[in-house]
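Data file: work_39.txt. Format and content: compact mmCIF, N, CA and C atoms.
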```
# COMPACT_ATOMS: atom_id res chain seq x y z
N VAL A 8 90.35 103.17 91.41
CA VAL A 8 91.46 102.60 90.65
C VAL A 8 91.82 101.24 91.24
N GLN A 9 91.90 100.25 90.38
CA GLN A 9 92.32 98.91 90.82
C GLN A 9 93.71 98.64 90.22
N LEU A 10 94.59 98.10 91.05
CA LEU A 10 95.96 97.84 90.63
C LEU A 10 96.29 96.37 90.87
N GLN A 11 96.90 95.75 89.89
CA GLN A 11 97.27 94.34 89.99
C GLN A 11 98.74 94.19 89.65
N ALA A 12 99.54 93.88 90.65
CA ALA A 12 100.99 93.74 90.46
C ALA A 12 101.34 92.27 90.21
N SER A 13 102.40 92.08 89.44
CA SER A 13 102.88 90.73 89.15
C SER A 13 104.35 90.80 88.80
N GLY A 14 104.99 89.61 88.73
CA GLY A 14 106.36 89.54 88.26
C GLY A 14 107.40 89.25 89.31
N GLY A 15 107.00 89.17 90.56
CA GLY A 15 107.97 88.86 91.59
C GLY A 15 108.45 87.42 91.50
N GLY A 16 109.47 87.12 92.30
CA GLY A 16 109.99 85.76 92.30
C GLY A 16 111.32 85.69 93.01
N LEU A 17 111.97 84.56 92.85
CA LEU A 17 113.28 84.31 93.47
C LEU A 17 114.35 84.45 92.40
N VAL A 18 115.37 85.23 92.71
CA VAL A 18 116.47 85.45 91.76
C VAL A 18 117.77 85.52 92.53
N GLN A 19 118.85 85.14 91.87
CA GLN A 19 120.16 85.23 92.51
C GLN A 19 120.67 86.67 92.44
N ALA A 20 121.54 87.00 93.35
CA ALA A 20 122.16 88.32 93.35
C ALA A 20 122.82 88.56 92.00
N GLY A 21 122.65 89.77 91.50
CA GLY A 21 123.15 90.12 90.18
C GLY A 21 122.17 89.89 89.06
N GLY A 22 121.09 89.21 89.35
CA GLY A 22 120.08 88.91 88.34
C GLY A 22 119.09 90.05 88.14
N SER A 23 118.09 89.77 87.32
CA SER A 23 117.11 90.79 86.96
C SER A 23 115.69 90.24 87.08
N LEU A 24 114.77 91.13 87.32
CA LEU A 24 113.34 90.84 87.30
C LEU A 24 112.62 92.06 86.76
N ARG A 25 111.47 91.83 86.16
CA ARG A 25 110.62 92.94 85.75
C ARG A 25 109.25 92.78 86.39
N LEU A 26 108.88 93.77 87.14
CA LEU A 26 107.55 93.81 87.75
C LEU A 26 106.60 94.57 86.84
N SER A 27 105.35 94.14 86.85
CA SER A 27 104.31 94.81 86.09
C SER A 27 103.16 95.17 87.02
N CYS A 28 102.47 96.22 86.68
CA CYS A 28 101.29 96.63 87.44
C CYS A 28 100.24 97.11 86.46
N ALA A 29 99.15 96.37 86.37
CA ALA A 29 98.05 96.74 85.48
C ALA A 29 97.02 97.55 86.25
N ALA A 30 96.58 98.64 85.67
CA ALA A 30 95.63 99.54 86.32
C ALA A 30 94.31 99.55 85.56
N SER A 31 93.25 99.77 86.30
CA SER A 31 91.93 99.90 85.68
C SER A 31 91.08 100.83 86.54
N GLY A 32 90.05 101.37 85.94
CA GLY A 32 89.09 102.15 86.69
C GLY A 32 89.20 103.65 86.55
N ARG A 33 90.22 104.11 85.89
CA ARG A 33 90.40 105.54 85.74
C ARG A 33 91.37 105.78 84.58
N THR A 34 91.33 106.95 84.01
CA THR A 34 92.23 107.25 82.91
C THR A 34 93.67 107.12 83.38
N PHE A 35 94.32 106.08 82.88
CA PHE A 35 95.65 105.73 83.39
C PHE A 35 96.65 106.84 83.13
N SER A 36 96.58 107.44 81.95
CA SER A 36 97.59 108.42 81.58
C SER A 36 97.63 109.60 82.52
N SER A 37 96.56 109.84 83.25
CA SER A 37 96.52 110.98 84.17
C SER A 37 97.08 110.65 85.55
N LEU A 38 97.36 109.40 85.78
CA LEU A 38 97.79 108.95 87.10
C LEU A 38 99.30 109.07 87.29
N ASN A 39 99.68 109.53 88.45
CA ASN A 39 101.07 109.41 88.87
C ASN A 39 101.22 108.03 89.50
N MET A 40 102.17 107.25 89.01
CA MET A 40 102.32 105.87 89.45
C MET A 40 103.64 105.68 90.19
N GLY A 41 103.66 104.73 91.08
CA GLY A 41 104.88 104.49 91.82
C GLY A 41 105.03 103.05 92.25
N TRP A 42 106.24 102.72 92.63
CA TRP A 42 106.55 101.43 93.24
C TRP A 42 107.13 101.70 94.62
N PHE A 43 106.66 100.93 95.58
CA PHE A 43 107.18 100.95 96.94
C PHE A 43 107.61 99.54 97.29
N ARG A 44 108.36 99.40 98.37
CA ARG A 44 108.71 98.07 98.85
C ARG A 44 108.75 98.07 100.37
N GLN A 45 108.51 96.89 100.90
CA GLN A 45 108.54 96.73 102.35
C GLN A 45 109.26 95.43 102.67
N ALA A 46 110.41 95.57 103.28
CA ALA A 46 111.16 94.40 103.73
C ALA A 46 110.64 93.96 105.09
N LEU A 47 110.92 92.73 105.44
CA LEU A 47 110.44 92.17 106.69
C LEU A 47 110.95 92.99 107.87
N GLY A 48 110.04 93.47 108.68
CA GLY A 48 110.42 94.22 109.86
C GLY A 48 110.75 95.68 109.61
N LYS A 49 110.56 96.13 108.38
CA LYS A 49 110.89 97.52 108.04
C LYS A 49 109.65 98.25 107.54
N GLU A 50 109.76 99.56 107.50
CA GLU A 50 108.67 100.36 106.98
C GLU A 50 108.64 100.33 105.45
N ARG A 51 107.49 100.59 104.92
CA ARG A 51 107.35 100.67 103.48
C ARG A 51 108.09 101.90 102.98
N GLU A 52 108.84 101.74 101.89
CA GLU A 52 109.62 102.85 101.37
C GLU A 52 109.36 103.06 99.89
N PHE A 53 109.46 104.30 99.48
CA PHE A 53 109.34 104.67 98.07
C PHE A 53 110.54 104.12 97.31
N VAL A 54 110.27 103.56 96.14
CA VAL A 54 111.34 103.05 95.28
C VAL A 54 111.46 103.90 94.01
N ALA A 55 110.35 104.10 93.32
CA ALA A 55 110.39 104.85 92.06
C ALA A 55 109.01 105.37 91.73
N GLY A 56 108.95 106.47 91.01
CA GLY A 56 107.69 107.05 90.60
C GLY A 56 107.80 107.60 89.19
N ILE A 57 106.64 107.69 88.54
CA ILE A 57 106.63 108.19 87.17
C ILE A 57 105.28 108.81 86.85
N ARG A 58 105.35 109.96 86.23
CA ARG A 58 104.18 110.51 85.55
C ARG A 58 104.66 110.95 84.18
N TRP A 59 105.21 112.17 84.07
CA TRP A 59 105.88 112.56 82.83
C TRP A 59 107.39 112.38 82.91
N SER A 60 107.90 112.35 84.14
CA SER A 60 109.31 112.07 84.38
C SER A 60 109.37 111.05 85.50
N SER A 61 110.55 110.52 85.74
CA SER A 61 110.70 109.49 86.75
C SER A 61 111.62 109.94 87.88
N SER A 62 111.46 109.30 89.01
CA SER A 62 112.31 109.57 90.16
C SER A 62 112.57 108.26 90.88
N TYR A 63 113.68 108.22 91.61
CA TYR A 63 114.12 106.99 92.26
C TYR A 63 114.70 107.28 93.63
N VAL A 64 114.59 106.31 94.51
CA VAL A 64 115.33 106.38 95.75
C VAL A 64 116.80 106.12 95.41
N ASP A 65 117.69 106.72 96.18
CA ASP A 65 119.12 106.65 95.85
C ASP A 65 119.63 105.21 95.75
N SER A 66 119.12 104.32 96.57
CA SER A 66 119.66 102.97 96.64
C SER A 66 119.41 102.15 95.37
N VAL A 67 118.51 102.61 94.50
CA VAL A 67 118.23 101.83 93.28
C VAL A 67 118.63 102.58 92.01
N LYS A 68 119.09 103.80 92.14
CA LYS A 68 119.47 104.56 90.96
C LYS A 68 120.56 103.84 90.18
N GLY A 69 120.38 103.78 88.87
CA GLY A 69 121.33 103.09 88.02
C GLY A 69 121.08 101.61 87.89
N ARG A 70 120.19 101.05 88.72
CA ARG A 70 119.88 99.62 88.66
C ARG A 70 118.43 99.36 88.27
N PHE A 71 117.52 100.19 88.74
CA PHE A 71 116.10 100.02 88.47
C PHE A 71 115.63 101.08 87.48
N THR A 72 114.66 100.70 86.66
CA THR A 72 114.05 101.63 85.72
C THR A 72 112.54 101.49 85.77
N ILE A 73 111.86 102.59 86.03
CA ILE A 73 110.40 102.59 85.99
C ILE A 73 109.96 103.11 84.63
N SER A 74 108.93 102.50 84.09
CA SER A 74 108.40 102.94 82.81
C SER A 74 106.89 102.68 82.78
N ARG A 75 106.23 103.24 81.80
CA ARG A 75 104.79 103.04 81.70
C ARG A 75 104.39 102.92 80.24
N ASP A 76 103.34 102.16 80.02
CA ASP A 76 102.74 102.03 78.71
C ASP A 76 101.28 102.45 78.86
N ASN A 77 100.98 103.66 78.47
CA ASN A 77 99.63 104.18 78.67
C ASN A 77 98.60 103.44 77.80
N ALA A 78 99.03 102.88 76.69
CA ALA A 78 98.12 102.13 75.84
C ALA A 78 97.69 100.82 76.51
N LYS A 79 98.56 100.29 77.37
CA LYS A 79 98.26 99.04 78.07
C LYS A 79 97.87 99.26 79.52
N ASN A 80 97.78 100.52 79.95
CA ASN A 80 97.44 100.83 81.34
C ASN A 80 98.34 100.09 82.32
N THR A 81 99.61 100.08 82.01
CA THR A 81 100.55 99.29 82.80
C THR A 81 101.81 100.09 83.12
N VAL A 82 102.28 99.91 84.34
CA VAL A 82 103.55 100.48 84.75
C VAL A 82 104.49 99.32 85.08
N TYR A 83 105.76 99.51 84.77
CA TYR A 83 106.76 98.46 84.95
C TYR A 83 107.88 98.93 85.87
N LEU A 84 108.54 97.98 86.48
CA LEU A 84 109.77 98.25 87.21
C LEU A 84 110.78 97.19 86.78
N GLN A 85 111.74 97.62 85.97
CA GLN A 85 112.83 96.74 85.56
C GLN A 85 113.92 96.83 86.60
N MET A 86 114.24 95.69 87.18
CA MET A 86 115.22 95.66 88.26
C MET A 86 116.42 94.83 87.82
N ASN A 87 117.56 95.48 87.71
CA ASN A 87 118.80 94.82 87.31
C ASN A 87 119.81 94.86 88.45
N SER A 88 120.83 94.03 88.34
CA SER A 88 121.89 93.99 89.36
C SER A 88 121.30 93.88 90.76
N LEU A 89 120.37 92.98 90.91
CA LEU A 89 119.67 92.85 92.19
C LEU A 89 120.61 92.42 93.30
N LYS A 90 120.32 92.93 94.48
CA LYS A 90 121.11 92.65 95.67
C LYS A 90 120.20 92.00 96.72
N PRO A 91 120.78 91.25 97.64
CA PRO A 91 119.96 90.65 98.71
C PRO A 91 119.14 91.70 99.47
N GLU A 92 119.68 92.88 99.62
CA GLU A 92 118.94 93.93 100.34
C GLU A 92 117.75 94.48 99.56
N ASP A 93 117.58 94.06 98.31
CA ASP A 93 116.38 94.42 97.55
C ASP A 93 115.21 93.48 97.86
N THR A 94 115.46 92.45 98.64
CA THR A 94 114.40 91.51 99.01
C THR A 94 113.31 92.23 99.79
N ALA A 95 112.08 92.11 99.29
CA ALA A 95 110.95 92.81 99.90
C ALA A 95 109.68 92.44 99.15
N VAL A 96 108.56 92.82 99.72
CA VAL A 96 107.31 92.82 98.98
C VAL A 96 107.22 94.16 98.26
N TYR A 97 107.00 94.11 96.97
CA TYR A 97 106.92 95.31 96.16
C TYR A 97 105.46 95.62 95.85
N TYR A 98 105.11 96.88 96.02
CA TYR A 98 103.75 97.34 95.80
C TYR A 98 103.73 98.42 94.73
N CYS A 99 102.77 98.35 93.85
CA CYS A 99 102.55 99.49 92.97
C CYS A 99 101.44 100.35 93.58
N ALA A 100 101.47 101.61 93.25
CA ALA A 100 100.53 102.54 93.83
C ALA A 100 100.25 103.68 92.86
N ALA A 101 99.12 104.33 93.09
CA ALA A 101 98.76 105.53 92.34
C ALA A 101 98.44 106.63 93.34
N GLY A 102 98.98 107.81 93.09
CA GLY A 102 98.75 108.89 94.05
C GLY A 102 99.57 110.11 93.71
N PRO A 103 99.82 110.96 94.70
CA PRO A 103 100.56 112.19 94.46
C PRO A 103 102.04 111.92 94.28
N SER A 104 102.73 112.89 93.76
CA SER A 104 104.16 112.74 93.53
C SER A 104 104.91 113.02 94.84
N GLU A 105 104.80 112.06 95.76
CA GLU A 105 105.46 112.18 97.04
C GLU A 105 106.08 110.84 97.42
N VAL A 106 106.97 110.85 98.38
CA VAL A 106 107.63 109.62 98.79
C VAL A 106 107.01 109.01 100.04
N ILE A 107 106.03 109.70 100.64
CA ILE A 107 105.43 109.19 101.87
C ILE A 107 104.29 108.26 101.51
N PRO A 108 104.39 106.99 101.87
CA PRO A 108 103.37 106.01 101.45
C PRO A 108 101.95 106.39 101.87
N ALA A 109 101.78 106.93 103.06
CA ALA A 109 100.44 107.23 103.58
C ALA A 109 99.70 108.25 102.72
N ARG A 110 100.41 108.98 101.90
CA ARG A 110 99.77 110.02 101.09
C ARG A 110 99.31 109.49 99.73
N TRP A 111 99.62 108.21 99.45
CA TRP A 111 99.20 107.64 98.17
C TRP A 111 97.81 107.05 98.33
N ASP A 112 97.03 107.08 97.25
CA ASP A 112 95.60 106.78 97.35
C ASP A 112 95.24 105.33 97.08
N TYR A 113 95.91 104.72 96.12
CA TYR A 113 95.52 103.39 95.66
C TYR A 113 96.73 102.46 95.67
N TRP A 114 96.48 101.21 96.06
CA TRP A 114 97.56 100.23 96.21
C TRP A 114 97.20 98.91 95.55
N GLY A 115 98.21 98.28 94.95
CA GLY A 115 98.06 96.92 94.50
C GLY A 115 98.32 95.96 95.65
N GLN A 116 98.25 94.68 95.38
CA GLN A 116 98.30 93.67 96.43
C GLN A 116 99.71 93.29 96.84
N GLY A 117 100.73 93.70 96.12
CA GLY A 117 102.10 93.37 96.47
C GLY A 117 102.57 92.10 95.80
N THR A 118 103.85 92.09 95.45
CA THR A 118 104.46 90.91 94.86
C THR A 118 105.84 90.74 95.49
N LEU A 119 106.15 89.51 95.90
CA LEU A 119 107.37 89.25 96.67
C LEU A 119 108.56 89.06 95.74
N VAL A 120 109.62 89.80 96.06
CA VAL A 120 110.90 89.65 95.37
C VAL A 120 111.91 89.15 96.39
N THR A 121 112.53 88.03 96.09
CA THR A 121 113.54 87.46 96.98
C THR A 121 114.84 87.34 96.20
N VAL A 122 115.89 87.95 96.73
CA VAL A 122 117.20 87.91 96.08
C VAL A 122 118.14 87.09 96.97
N SER A 123 118.61 86.00 96.45
CA SER A 123 119.51 85.14 97.22
C SER A 123 120.96 85.52 96.96
N SER A 124 121.78 85.33 97.98
CA SER A 124 123.21 85.69 97.86
C SER A 124 124.03 84.52 97.36
```

Would you write the structure of this file as structure tokens?
Amino acid sequence: VQLQASGGGLVQAGGSLRLSCAASGRTFSSLNMGWFRQALGKEREFVAGIRWSSSYVDSVKGRFTISRDNAKNTVYLQMNSLKPEDTAVYYCAAGPSEVIPARWDYWGQGTLVTVSS
């Protein structure tokens, strides 16, 4: 499975961004997909996941929405009401429905999200 993430950038606090992750190499609809992030000096953390239902880390609930378009082999992360603490490199991944990054099988290259105060 190859994953290509895009959509990062610089945004002011309170703003929005939408990340995209295009997948290839395997039947996309069968994949459990997720977004992780890693801030400078911190460990990579689970942000959101989706297969038939979605799940979120508590810190983004109500602000972020993960979705997928199986016809386009793409998963999205809509991020609203962004905060400076959301600044990180965001990675899309395919793997099991778990929050531990090491257990996921495939990773995209990461896209940087910077939220200014």

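Comparing the minimum interatomic distances between A:Ser31 and each of A:Lys79, A:Arg58, A:Lys90, A:Arg51, counting only C-alpha atoms, we find that A:Lys79 sits nearest.
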
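With only C-alpha atoms as the atoms that count, the minimum distance from A:Ser88 to the choices A:Gly14, A:Gly41, A:Gly56, A:Gly69 is reached by A:Gly69.
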
What separation in Å, quoted to one decimal, exists between atom CA of A:Met40 and atom C of A:Phe71?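 Here the two named atoms are 14.3 Å from each other.
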
Please, what is the axis-aligned box for every listed atom of stretch 88-98 of chain A with 6 Å on each side, as centre and edge lengths in Å to one decimal, as lines of an AutoDock Vina configuration file?
```
center_x = 112.8
center_y = 94.5
center_z = 94.3
size_x = 30.2
size_y = 19.8
size_z = 24.0
```

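Distances from A:Cys28, A:Leu38, A:Ala100, A:Val82 to A:Gly15 were compared using only C-alpha atoms, and the smallest one belongs to A:Cys28.
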
Sphere at (105.2, 106.1, 94.9), radius 9 Å, counting only C-alpha atoms: residues as number ranges by chain: A: 39-43, 52-57, 98-108, 111

Output N, CA and C atoms for every residue in the selection just made, as a CSV table (one decimal), in the coordinates of the input.
```csv
chain,number,residue,atom,x,y,z
A,39,ASN,N,99.7,109.5,88.4
A,39,ASN,CA,101.1,109.4,88.9
A,39,ASN,C,101.2,108.0,89.5
A,40,MET,N,102.2,107.2,89.0
A,40,MET,CA,102.3,105.9,89.4
A,40,MET,C,103.6,105.7,90.2
A,41,GLY,N,103.7,104.7,91.1
A,41,GLY,CA,104.9,104.5,91.8
A,41,GLY,C,105.0,103.0,92.2
A,42,TRP,N,106.2,102.7,92.6
A,42,TRP,CA,106.6,101.4,93.2
A,42,TRP,C,107.1,101.7,94.6
A,43,PHE,N,106.7,100.9,95.6
A,43,PHE,CA,107.2,101.0,96.9
A,43,PHE,C,107.6,99.5,97.3
A,52,GLU,N,108.8,101.7,101.9
A,52,GLU,CA,109.6,102.8,101.4
A,52,GLU,C,109.4,103.1,99.9
A,53,PHE,N,109.5,104.3,99.5
A,53,PHE,CA,109.3,104.7,98.1
A,53,PHE,C,110.5,104.1,97.3
A,54,VAL,N,110.3,103.6,96.1
A,54,VAL,CA,111.3,103.0,95.3
A,54,VAL,C,111.5,103.9,94.0
A,55,ALA,N,110.4,104.1,93.3
A,55,ALA,CA,110.4,104.8,92.1
A,55,ALA,C,109.0,105.4,91.7
A,56,GLY,N,109.0,106.5,91.0
A,56,GLY,CA,107.7,107.0,90.6
A,56,GLY,C,107.8,107.6,89.2
A,57,ILE,N,106.6,107.7,88.5
A,57,ILE,CA,106.6,108.2,87.2
A,57,ILE,C,105.3,108.8,86.8
A,98,TYR,N,105.1,96.9,96.0
A,98,TYR,CA,103.8,97.3,95.8
A,98,TYR,C,103.7,98.4,94.7
A,99,CYS,N,102.8,98.4,93.8
A,99,CYS,CA,102.6,99.5,93.0
A,99,CYS,C,101.4,100.4,93.6
A,100,ALA,N,101.5,101.6,93.2
A,100,ALA,CA,100.5,102.5,93.8
A,100,ALA,C,100.2,103.7,92.9
A,101,ALA,N,99.1,104.3,93.1
A,101,ALA,CA,98.8,105.5,92.3
A,101,ALA,C,98.4,106.6,93.3
A,102,GLY,N,99.0,107.8,93.1
A,102,GLY,CA,98.8,108.9,94.0
A,102,GLY,C,99.6,110.1,93.7
A,103,PRO,N,99.8,111.0,94.7
A,103,PRO,CA,100.6,112.2,94.5
A,103,PRO,C,102.0,111.9,94.3
A,104,SER,N,102.7,112.9,93.8
A,104,SER,CA,104.2,112.7,93.5
A,104,SER,C,104.9,113.0,94.8
A,105,GLU,N,104.8,112.1,95.8
A,105,GLU,CA,105.5,112.2,97.0
A,105,GLU,C,106.1,110.8,97.4
A,106,VAL,N,107.0,110.8,98.4
A,106,VAL,CA,107.6,109.6,98.8
A,106,VAL,C,107.0,109.0,100.0
A,107,ILE,N,106.0,109.7,100.6
A,107,ILE,CA,105.4,109.2,101.9
A,107,ILE,C,104.3,108.3,101.5
A,108,PRO,N,104.4,107.0,101.9
A,108,PRO,CA,103.4,106.0,101.4
A,108,PRO,C,102.0,106.4,101.9
A,111,TRP,N,99.6,108.2,99.4
A,111,TRP,CA,99.2,107.6,98.2
A,111,TRP,C,97.8,107.0,98.3
```

For A:Asn87: contacts at 12 Å, only C-alpha atoms, fewer than 2 positions along chain excluded, given as a CSV table (one decimal) with N, CA and C atoms, keeping the file's coordinate frame:
```csv
chain,number,residue,atom,x,y,z
A,18,VAL,N,115.4,85.2,92.7
A,18,VAL,CA,116.5,85.4,91.8
A,18,VAL,C,117.8,85.5,92.5
A,19,GLN,N,118.8,85.1,91.9
A,19,GLN,CA,120.2,85.2,92.5
A,19,GLN,C,120.7,86.7,92.4
A,20,ALA,N,121.5,87.0,93.4
A,20,ALA,CA,122.2,88.3,93.4
A,20,ALA,C,122.8,88.6,92.0
A,21,GLY,N,122.6,89.8,91.5
A,21,GLY,CA,123.2,90.1,90.2
A,21,GLY,C,122.2,89.9,89.1
A,22,GLY,N,121.1,89.2,89.4
A,22,GLY,CA,120.1,88.9,88.3
A,22,GLY,C,119.1,90.0,88.1
A,23,SER,N,118.1,89.8,87.3
A,23,SER,CA,117.1,90.8,87.0
A,23,SER,C,115.7,90.2,87.1
A,24,LEU,N,114.8,91.1,87.3
A,24,LEU,CA,113.3,90.8,87.3
A,24,LEU,C,112.6,92.1,86.8
A,25,ARG,N,111.5,91.8,86.2
A,25,ARG,CA,110.6,92.9,85.8
A,25,ARG,C,109.2,92.8,86.4
A,26,LEU,N,108.9,93.8,87.1
A,26,LEU,CA,107.6,93.8,87.8
A,26,LEU,C,106.6,94.6,86.8
A,67,VAL,N,118.5,102.6,94.5
A,67,VAL,CA,118.2,101.8,93.3
A,67,VAL,C,118.6,102.6,92.0
A,68,LYS,N,119.1,103.8,92.1
A,68,LYS,CA,119.5,104.6,91.0
A,68,LYS,C,120.6,103.8,90.2
A,69,GLY,N,120.4,103.8,88.9
A,69,GLY,CA,121.3,103.1,88.0
A,69,GLY,C,121.1,101.6,87.9
A,70,ARG,N,120.2,101.0,88.7
A,70,ARG,CA,119.9,99.6,88.7
A,70,ARG,C,118.4,99.4,88.3
A,71,PHE,N,117.5,100.2,88.7
A,71,PHE,CA,116.1,100.0,88.5
A,71,PHE,C,115.6,101.1,87.5
A,72,THR,N,114.7,100.7,86.7
A,72,THR,CA,114.0,101.6,85.7
A,72,THR,C,112.5,101.5,85.8
A,73,ILE,N,111.9,102.6,86.0
A,73,ILE,CA,110.4,102.6,86.0
A,73,ILE,C,110.0,103.1,84.6
A,84,LEU,N,108.5,98.0,86.5
A,84,LEU,CA,109.8,98.2,87.2
A,84,LEU,C,110.8,97.2,86.8
A,85,GLN,N,111.7,97.6,86.0
A,85,GLN,CA,112.8,96.7,85.6
A,85,GLN,C,113.9,96.8,86.6
A,89,LEU,N,120.4,93.0,90.9
A,89,LEU,CA,119.7,92.8,92.2
A,89,LEU,C,120.6,92.4,93.3
A,90,LYS,N,120.3,92.9,94.5
A,90,LYS,CA,121.1,92.6,95.7
A,90,LYS,C,120.2,92.0,96.7
A,93,ASP,N,117.6,94.1,98.3
A,93,ASP,CA,116.4,94.4,97.6
A,93,ASP,C,115.2,93.5,97.9
A,122,VAL,N,115.9,88.0,96.7
A,122,VAL,CA,117.2,87.9,96.1
A,122,VAL,C,118.1,87.1,97.0
```

In chain A, DSSP strand (DSSP E) residues written as a ChimeraX atom specification: /A:9-13,16-19,24-31,40-45,52-57,61-63,71-76,81-86,95-101,113-114,118-123

Hey, can you check how far atom CA of A:Asn77 sits from atom C of A:Tyr97? 20.1 Å

Between atom CA of A:Ser74 and atom CA of A:Gln11, measure the distance and give it in Å to one decimal.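 Answer for the atom CA of A:Ser74 to atom CA of A:Gln11 separation: 15.8 Å.
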
Kindly output stretch 51-58 of chain A as an mmCIF file, in the coordinates of the input, after building all heavy atoms.
```cif
data_model
loop_
_atom_site.group_PDB
_atom_site.id
_atom_site.type_symbol
_atom_site.label_atom_id
_atom_site.label_comp_id
_atom_site.auth_asym_id
_atom_site.auth_seq_id
_atom_site.Cartn_x
_atom_site.Cartn_y
_atom_site.Cartn_z
ATOM 1 N N ARG A 51 107.490 100.590 104.920
ATOM 2 C CA ARG A 51 107.350 100.670 103.480
ATOM 3 C C ARG A 51 108.090 101.900 102.980
ATOM 4 O O ARG A 51 107.994 102.976 103.569
ATOM 5 C CB ARG A 51 105.865 100.748 103.093
ATOM 6 C CG ARG A 51 105.593 100.563 101.634
ATOM 7 C CD ARG A 51 104.096 100.403 101.373
ATOM 8 N NE ARG A 51 103.555 99.226 102.052
ATOM 9 C CZ ARG A 51 102.315 98.774 101.861
ATOM 10 N NH1 ARG A 51 101.514 99.391 100.983
ATOM 11 N NH2 ARG A 51 101.883 97.725 102.529
ATOM 12 N N GLU A 52 108.840 101.740 101.890
ATOM 13 C CA GLU A 52 109.620 102.850 101.370
ATOM 14 C C GLU A 52 109.360 103.060 99.890
ATOM 15 O O GLU A 52 109.089 102.114 99.141
ATOM 16 C CB GLU A 52 111.122 102.642 101.589
ATOM 17 C CG GLU A 52 111.738 101.511 100.797
ATOM 18 C CD GLU A 52 113.254 101.528 100.796
ATOM 19 O OE1 GLU A 52 113.868 102.528 101.235
ATOM 20 O OE2 GLU A 52 113.843 100.529 100.335
ATOM 21 N N PHE A 53 109.460 104.300 99.480
ATOM 22 C CA PHE A 53 109.340 104.670 98.070
ATOM 23 C C PHE A 53 110.540 104.120 97.310
ATOM 24 O O PHE A 53 111.674 104.214 97.766
ATOM 25 C CB PHE A 53 109.286 106.185 97.961
ATOM 26 C CG PHE A 53 109.342 106.715 96.563
ATOM 27 C CD1 PHE A 53 108.200 106.794 95.796
ATOM 28 C CD2 PHE A 53 110.547 107.155 96.019
ATOM 29 C CE1 PHE A 53 108.238 107.297 94.507
ATOM 30 C CE2 PHE A 53 110.598 107.662 94.738
ATOM 31 C CZ PHE A 53 109.442 107.733 93.978
ATOM 32 N N VAL A 54 110.270 103.560 96.140
ATOM 33 C CA VAL A 54 111.340 103.050 95.280
ATOM 34 C C VAL A 54 111.460 103.900 94.010
ATOM 35 O O VAL A 54 112.555 104.358 93.673
ATOM 36 C CB VAL A 54 111.082 101.578 94.888
ATOM 37 C CG1 VAL A 54 112.137 101.094 93.888
ATOM 38 C CG2 VAL A 54 111.056 100.702 96.114
ATOM 39 N N ALA A 55 110.350 104.100 93.320
ATOM 40 C CA ALA A 55 110.390 104.850 92.060
ATOM 41 C C ALA A 55 109.010 105.370 91.730
ATOM 42 O O ALA A 55 107.997 104.776 92.138
ATOM 43 C CB ALA A 55 110.893 103.965 90.923
ATOM 44 N N GLY A 56 108.950 106.470 91.010
ATOM 45 C CA GLY A 56 107.690 107.050 90.600
ATOM 46 C C GLY A 56 107.800 107.600 89.190
ATOM 47 O O GLY A 56 108.892 107.924 88.710
ATOM 48 N N ILE A 57 106.640 107.690 88.540
ATOM 49 C CA ILE A 57 106.630 108.190 87.170
ATOM 50 C C ILE A 57 105.280 108.810 86.850
ATOM 51 O O ILE A 57 104.229 108.285 87.196
ATOM 52 C CB ILE A 57 106.959 107.053 86.163
ATOM 53 C CG1 ILE A 57 107.094 107.609 84.736
ATOM 54 C CG2 ILE A 57 105.894 105.952 86.199
ATOM 55 C CD1 ILE A 57 107.691 106.602 83.760
ATOM 56 N N ARG A 58 105.350 109.960 86.230
ATOM 57 C CA ARG A 58 104.180 110.510 85.550
ATOM 58 C C ARG A 58 104.660 110.950 84.180
ATOM 59 O O ARG A 58 104.594 110.180 83.235
ATOM 60 C CB ARG A 58 103.577 111.681 86.332
ATOM 61 C CG ARG A 58 102.224 112.099 85.756
ATOM 62 C CD ARG A 58 101.442 112.972 86.680
ATOM 63 N NE ARG A 58 100.116 113.254 86.161
ATOM 64 C CZ ARG A 58 99.229 114.014 86.770
ATOM 65 N NH1 ARG A 58 99.531 114.587 87.924
ATOM 66 N NH2 ARG A 58 98.046 114.222 86.241
#
```
